[in-house]
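Chemist: Take this structure, written in structure tokens, and hold onto it; I'll ask about it next.
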Amino acid sequence: MSDVAARAGVSHQTVSRVVNGHPNVAPQTRERVERAIRELGYRPNTAARALVTGSTRTLGFVAVNINQYGPAQTLVGLEQAARAAGYSLAVTVLDEATAEAMHDAVDRFVAQSVDAVLALATYDDAAEALHLVHAPLPLVTVQSGGAVEEPAVGVDQVAGARLATRHLLDLGHRTVHHVTGPADSQESRDRIRGWEAELTCARVPIPACLHGDWTPSSGYEAGRRLAARRRAGEDITAVFTANDQMALGLLAALHEEGLDVPVDVSVAGFDDLPEAPYLTPPLTTVRQDFAELGRRAVQLVLARLEGRELSLEPVPPVLLVRASSGPVPAGAAHAGV
């Protein structure tokens, strides 16, 4: 910093103000200091800055099972939002979501002097473990579905499921079948709640769920079972899967069983995978705005660091209508369910 000050012809304090983004620096002086920084390749010493400011400008993120699209994109959204706010993100991925593992992760973050911790809590074991952790620094949960008492942000899963279900009902389908995610997933249960609520509101029959596990193989098995039930005479014309990966397997199974999508069966998913527009047919689905989720999570963290109370609404999902959903097949609307 002293070298930068000498090159720019300013004081050490002026360089510090420029580096830390203080507004009370003349534009010409700021430009001179920034040019000296570029020429000398200066990088602030984060350890020294932390000693002075008491902040490392680092947020910790702890998660379990981020191999699925939603959790992985949540991490991406958080990293982008943290970077935009001038923070870096330190990540810990746990093998198991026990209270001990969560406590150890938070302890490691405390030892690294992170400013706050964000935790992904979509599964029950992670949410329960977080509930038992007493962090000595701000702790914010992401996609918890309100399963813990700590401040939390998330996408409105119930509203998303209602959007998909209502879309299929509006096309004339007498009811909508549902392939769920895992039973221990709060997101899965919220999507079931939304599906059931929309069918109840429409006063139509609520079929028994088919249970999946987020994977294409579970969607494929659900598709085979649905096709067999159709052959047995059951009126099945619309299916909402709890994520796009299961929809991918479902589409494959329906195709193998000689069923045309959407002529025979309409299909809607959830998440909006990058591949969703390129499936055969392109998949109608519900998009989660992970960038906005990350922005709100970081916004909540910053409020906690400043000692402010902040309550944020869930991030609204968006329905994307593509070719996998269409009008009810002729004559099916009056068939028995």
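In the structure tokens, chains take letters A, B, ... by order of appearance, with residues numbered from 1 within each chain and ligands from 1 in the order shown.
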Do a neighbour search on A:Arg32 at 10 Å with only C-alpha atoms, toss out local chain neighbours closer than 5 positions, and write the hits as a list of chain:residue names.

Modeler: A:Val4, A:Ala5, A:Arg7, A:Ala8, A:Gly9, A:Val10, A:Val15, A:Ala26, A:Pro27, A:Ile37

Chemist: For A:Leu171, work out the shell of residues within 8 Å, counting only C-alpha atoms and skipping chain neighbours fewer than 6 positions away, then give it as a VMD selection string.

Modeler: chain A and resid 326 to 328

Chemist: List every residue of stretch 81-132 of chain A that DSSP, applied to the backbone of this structure, assigns to helix (DSSP H, G or I), and report them as a ChimeraX atom specification.

Modeler: /A:81-84,99-111,124-131

Chemist: Nearest to A:Phe109 among A:Ser266, A:Thr56, A:Asn65, A:Ser188, with distances taken over only C-alpha atoms: which residue is it?

Modeler: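 Counting only C-alpha atoms, the residue closest to A:Phe109 is A:Thr56.
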
Chemist: Write out as a ChimeraX atom specification the residues lying within 12 Å of A:Arg225, counting only C-alpha atoms and excluding same-chain residues fewer than 6 positions away.

Modeler: /A:177,179,209-211,218-219,231-232,234,236,250,253-254,257

Chemist: Write out, as a CSV table (one decimal), in the first residue's frame, the residues just selected, with C-alpha atoms.

Modeler:
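Written out: again09.csv:
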```csv
chain,number,residue,atom,x,y,z
A,177,HIS,CA,-51.2,-37.3,-11.3
A,179,VAL,CA,-44.6,-38.1,-9.1
A,209,CYS,CA,-49.0,-40.2,-5.5
A,210,LEU,CA,-46.2,-42.1,-7.2
A,211,HIS,CA,-43.1,-41.9,-5.1
A,218,SER,CA,-37.5,-43.3,-10.5
A,219,GLY,CA,-39.4,-41.2,-13.1
A,231,ARG,CA,-53.8,-50.1,-20.2
A,232,ALA,CA,-56.0,-51.3,-17.3
A,234,GLU,CA,-57.6,-45.8,-15.8
A,236,ILE,CA,-54.5,-40.8,-16.9
A,250,LEU,CA,-41.1,-40.4,-17.3
A,253,ALA,CA,-41.0,-44.6,-20.3
A,254,LEU,CA,-44.1,-43.2,-21.9
A,257,GLU,CA,-45.0,-47.7,-23.9
```

Chemist: I'd like the neighbourhood of A:Glu309 as number ranges by chain, where a residue qualifies if any of its atoms comes within 12 Å (using only C-alpha atoms), though same-chain residues fewer than 5 positions away should be ignored.

Modeler: A: 138, 151, 299-304

Chemist: I need the chosen residues saved as a PDB file, in the first residue's frame, with N, CA, C and O atoms.

Modeler:
```pdb
ATOM      1  N   PRO A 138     -23.941 -14.930  12.817  1.00  0.00           N
ATOM      2  CA  PRO A 138     -25.210 -15.030  12.108  1.00  0.00           C
ATOM      3  C   PRO A 138     -25.308 -16.301  11.271  1.00  0.00           C
ATOM      4  O   PRO A 138     -24.375 -16.674  10.572  1.00  0.00           O
ATOM      5  N   PRO A 151     -33.444 -17.448  10.704  1.00  0.00           N
ATOM      6  CA  PRO A 151     -33.851 -16.691   9.520  1.00  0.00           C
ATOM      7  C   PRO A 151     -33.593 -17.503   8.257  1.00  0.00           C
ATOM      8  O   PRO A 151     -32.560 -18.162   8.123  1.00  0.00           O
ATOM      9  N   GLN A 299     -28.638 -10.683   1.137  1.00  0.00           N
ATOM     10  CA  GLN A 299     -29.290  -9.503   1.700  1.00  0.00           C
ATOM     11  C   GLN A 299     -29.676  -9.750   3.161  1.00  0.00           C
ATOM     12  O   GLN A 299     -29.494  -8.878   4.025  1.00  0.00           O
ATOM     13  N   LEU A 300     -30.185 -10.940   3.449  1.00  0.00           N
ATOM     14  CA  LEU A 300     -30.570 -11.274   4.821  1.00  0.00           C
ATOM     15  C   LEU A 300     -29.342 -11.374   5.727  1.00  0.00           C
ATOM     16  O   LEU A 300     -29.354 -10.911   6.873  1.00  0.00           O
ATOM     17  N   VAL A 301     -28.258 -11.945   5.190  1.00  0.00           N
ATOM     18  CA  VAL A 301     -27.010 -12.042   5.959  1.00  0.00           C
ATOM     19  C   VAL A 301     -26.496 -10.648   6.310  1.00  0.00           C
ATOM     20  O   VAL A 301     -26.119 -10.377   7.460  1.00  0.00           O
ATOM     21  N   LEU A 302     -26.465  -9.760   5.333  1.00  0.00           N
ATOM     22  CA  LEU A 302     -25.954  -8.410   5.572  1.00  0.00           C
ATOM     23  C   LEU A 302     -26.805  -7.673   6.610  1.00  0.00           C
ATOM     24  O   LEU A 302     -26.277  -6.935   7.447  1.00  0.00           O
ATOM     25  N   ALA A 303     -28.112  -7.886   6.555  1.00  0.00           N
ATOM     26  CA  ALA A 303     -28.990  -7.263   7.546  1.00  0.00           C
ATOM     27  C   ALA A 303     -28.658  -7.770   8.946  1.00  0.00           C
ATOM     28  O   ALA A 303     -28.597  -6.997   9.911  1.00  0.00           O
ATOM     29  N   ARG A 304     -28.413  -9.068   9.076  1.00  0.00           N
ATOM     30  CA  ARG A 304     -28.075  -9.632  10.385  1.00  0.00           C
ATOM     31  C   ARG A 304     -26.738  -9.099  10.878  1.00  0.00           C
ATOM     32  O   ARG A 304     -26.564  -8.843  12.063  1.00  0.00           O
TER      33      ARG A 304
END
```

Chemist: Hey, what's within 7 Å of A:Asp115 if we count only C-alpha atoms and toss same-chain stuff fewer than 4 positions away? As a ChimeraX atom specification, please?

Modeler: /A:55-59

Chemist: Could you write out the selected residues, including all heavy atoms, as an mmCIF file, in the first residue's frame?

Modeler:
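Contents of part.cif, freshly written:
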```cif
data_model
loop_
_atom_site.group_PDB
_atom_site.id
_atom_site.type_symbol
_atom_site.label_atom_id
_atom_site.label_comp_id
_atom_site.auth_asym_id
_atom_site.auth_seq_id
_atom_site.Cartn_x
_atom_site.Cartn_y
_atom_site.Cartn_z
ATOM 1 N N SER A 55 -13.465 -7.947 9.976
ATOM 2 C CA SER A 55 -14.251 -8.681 8.986
ATOM 3 C C SER A 55 -13.342 -9.270 7.925
ATOM 4 O O SER A 55 -12.458 -8.582 7.409
ATOM 5 C CB SER A 55 -15.276 -7.746 8.326
ATOM 6 O OG SER A 55 -15.865 -8.363 7.198
ATOM 7 N N THR A 56 -13.566 -10.538 7.592
ATOM 8 C CA THR A 56 -12.791 -11.174 6.518
ATOM 9 C C THR A 56 -13.481 -11.044 5.162
ATOM 10 O O THR A 56 -12.943 -11.480 4.155
ATOM 11 C CB THR A 56 -12.597 -12.669 6.805
ATOM 12 O OG1 THR A 56 -13.885 -13.304 6.897
ATOM 13 C CG2 THR A 56 -11.818 -12.887 8.100
ATOM 14 N N ARG A 57 -14.683 -10.469 5.155
ATOM 15 C CA ARG A 57 -15.497 -10.363 3.933
ATOM 16 C C ARG A 57 -15.684 -11.755 3.315
ATOM 17 O O ARG A 57 -15.657 -11.930 2.092
ATOM 18 C CB ARG A 57 -14.848 -9.422 2.911
ATOM 19 C CG ARG A 57 -14.533 -8.040 3.422
ATOM 20 C CD ARG A 57 -15.766 -7.219 3.681
ATOM 21 N NE ARG A 57 -16.475 -6.862 2.465
ATOM 22 C CZ ARG A 57 -17.572 -6.102 2.442
ATOM 23 N NH1 ARG A 57 -18.075 -5.638 3.587
ATOM 24 N NH2 ARG A 57 -18.180 -5.812 1.309
ATOM 25 N N THR A 58 -15.892 -12.742 4.182
ATOM 26 C CA THR A 58 -16.098 -14.120 3.740
ATOM 27 C C THR A 58 -17.345 -14.687 4.409
ATOM 28 O O THR A 58 -17.564 -14.487 5.605
ATOM 29 C CB THR A 58 -14.890 -15.007 4.097
ATOM 30 O OG1 THR A 58 -13.724 -14.480 3.493
ATOM 31 C CG2 THR A 58 -15.102 -16.438 3.608
ATOM 32 N N LEU A 59 -18.162 -15.392 3.628
ATOM 33 C CA LEU A 59 -19.336 -16.080 4.147
ATOM 34 C C LEU A 59 -19.099 -17.582 4.030
ATOM 35 O O LEU A 59 -18.552 -18.048 3.036
ATOM 36 C CB LEU A 59 -20.589 -15.687 3.358
ATOM 37 C CG LEU A 59 -20.903 -14.191 3.274
ATOM 38 C CD1 LEU A 59 -22.125 -13.965 2.393
ATOM 39 C CD2 LEU A 59 -21.120 -13.606 4.660
#
```

Chemist: Please identify the strand (DSSP E) residues within stretch 92-124 of chain A (assignment by DSSP from backbone atoms) and present them as an MDAnalysis selection string.

Modeler: chainID A and resid 92:94 116:120

Chemist: Atom CA of A:Met1 and atom CA of A:Glu31 are how many Å apart?

Modeler: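 That distance, rounded to one decimal, is 15.5 Å.
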
Chemist: Enter the distance from atom CA of A:Thr237 to atom CA of A:His167, in Å, rounded to one decimal.

Modeler: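 Value for the atom CA of A:Thr237-atom CA of A:His167 distance: 13.2 Å.
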
Chemist: Can you pull out every residue within 10 Å of A:Asp125, counting only C-alpha atoms, but drop anything in the same chain fewer than 5 positions away, and send it as a ChimeraX atom specification?

Modeler: /A:64,96-99,130-131,184-185
